[in-house]
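K.L.:
My questions all concern the structure below.
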Amino acid sequence: MLIPFTKDNIAQVPNCGGIYTFYNAWGSPIYVGRTSGAKGEAWGNRPSERYVYGLRHRLQSYYQKDDFSVHKTKHALRREIQYFTYRPINSEMERRYVEKVMKKGMKHNHG
């Protein structure tokens, strides 16, 4: 099921490692990415108060301002994103494999 790419919908996504796919207005997949769900710097005093770089964080990053002169490929991708899907995957090896298989032939996956 395709999920409309809105901030409210992204807020419902778990912040764990996994794979995400972006789709254009016609429901065609255009980009596949992965994220580890790694824990980063502390933002508070409790051990649980650490930044997590997971699915929600990565999806939210597509709403951030970027310098498109540095990230030229992001500008074209962002204009096309209408929907997304995601799949939490705990295993790093499985995440890498699934991303490699899924991204073949995607319009905005380079390299």
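Here's how to read the names in the structure tokens: chain A, B, ... by the order shown, residue numbers from 1 in each chain, ligand numbers from 1 in the order shown.
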Can you pull out the residues contacting Met106 in chain A? Cut-off 8 Å, using only C-alpha atoms, and skip same-chain residues under 3 positions away; I want them as a PyMOL selection string.
P.N.:
chain A and resi 29-32+103+109
K.L.:
For a test of reading the model, state the distance in Å between CA of Asn45 in chain A and CA of Leu59 in chain A, rounded to one decimal.
P.N.:
26.4 Å
K.L.:
I need the residues in chain A that are helix (DSSP H, G or I) according to DSSP; give them as a ChimeraX atom specification.
P.N.:
/A:7-10,55-63,72-80,92-102
K.L.:
Set out as a tab-separated table a contact list for range 29-57 of chain A and range 6-21 of chain A with a cut-off of 7 Å, giving each residue of range 29-57 of chain A that qualifies its closest atom pair and distance in Å to one decimal, counting only C-alpha atoms, ordered by chain and rising residue number.
P.N.:
```
residue	atom	partner	partner_atom	distance
A:Pro29	CA	A:Thr21	CA	6.7
A:Tyr31	CA	A:Thr21	CA	5.6
A:Val32	CA	A:Thr21	CA	4.4
A:Gly33	CA	A:Tyr20	CA	5.4
A:Arg34	CA	A:Ile19	CA	4.4
A:Thr35	CA	A:Gly17	CA	5.2
A:Ser36	CA	A:Gly17	CA	4.2
A:Gly37	CA	A:Gly17	CA	4.0
A:Val52	CA	A:Asn15	CA	6.8
A:Gly54	CA	A:Cys16	CA	4.4
A:Leu55	CA	A:Asn15	CA	5.0
A:Arg56	CA	A:Asn15	CA	4.8
A:His57	CA	A:Asn15	CA	6.5
```
K.L.:
At a cut-off of 7 Å, using only C-alpha atoms, what residues contact Tyr23 in chain A? Leave out same-chain residues fewer than 4 positions from it and give the result as a list in words.
P.N.:
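My list of contacting residues is Gly27, Ser28, Pro29, Ile30, Ile81, Gln82, Tyr83 and Phe84 of chain A.
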K.L.:
Looking at A:Ser91, A:Tyr53, A:Tyr63, A:Ala38, which one is nearest to Leu77 in chain A, with distances taken over only C-alpha atoms?
P.N.:
A:Tyr63
K.L.:
What residues in chain A get the DSSP label strand (DSSP E or B)? Please answer as number ranges by chain.
P.N.:
A: 3-4, 18-23, 29-35, 38-42, 50-53, 83-88
K.L.:
Please compute the CA of Asn90 in chain A-CA of Gly44 in chain A distance, one decimal, in Å.
P.N.:
25.3 Å
K.L.:
Would you compute the distance between CA of Glu99 in chain A and CA of Ser61 in chain A? Give it in Å to one decimal.
P.N.:
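The value is 18.7 Å.
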K.L.:
Which of these, A:Phe22, A:Gly105, A:Glu49, A:Tyr97, has the shortest distance to Leu2 in chain A once you count only C-alpha atoms?
P.N.:
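Answer, going by the shortest atom-to-atom distance: A:Phe22.
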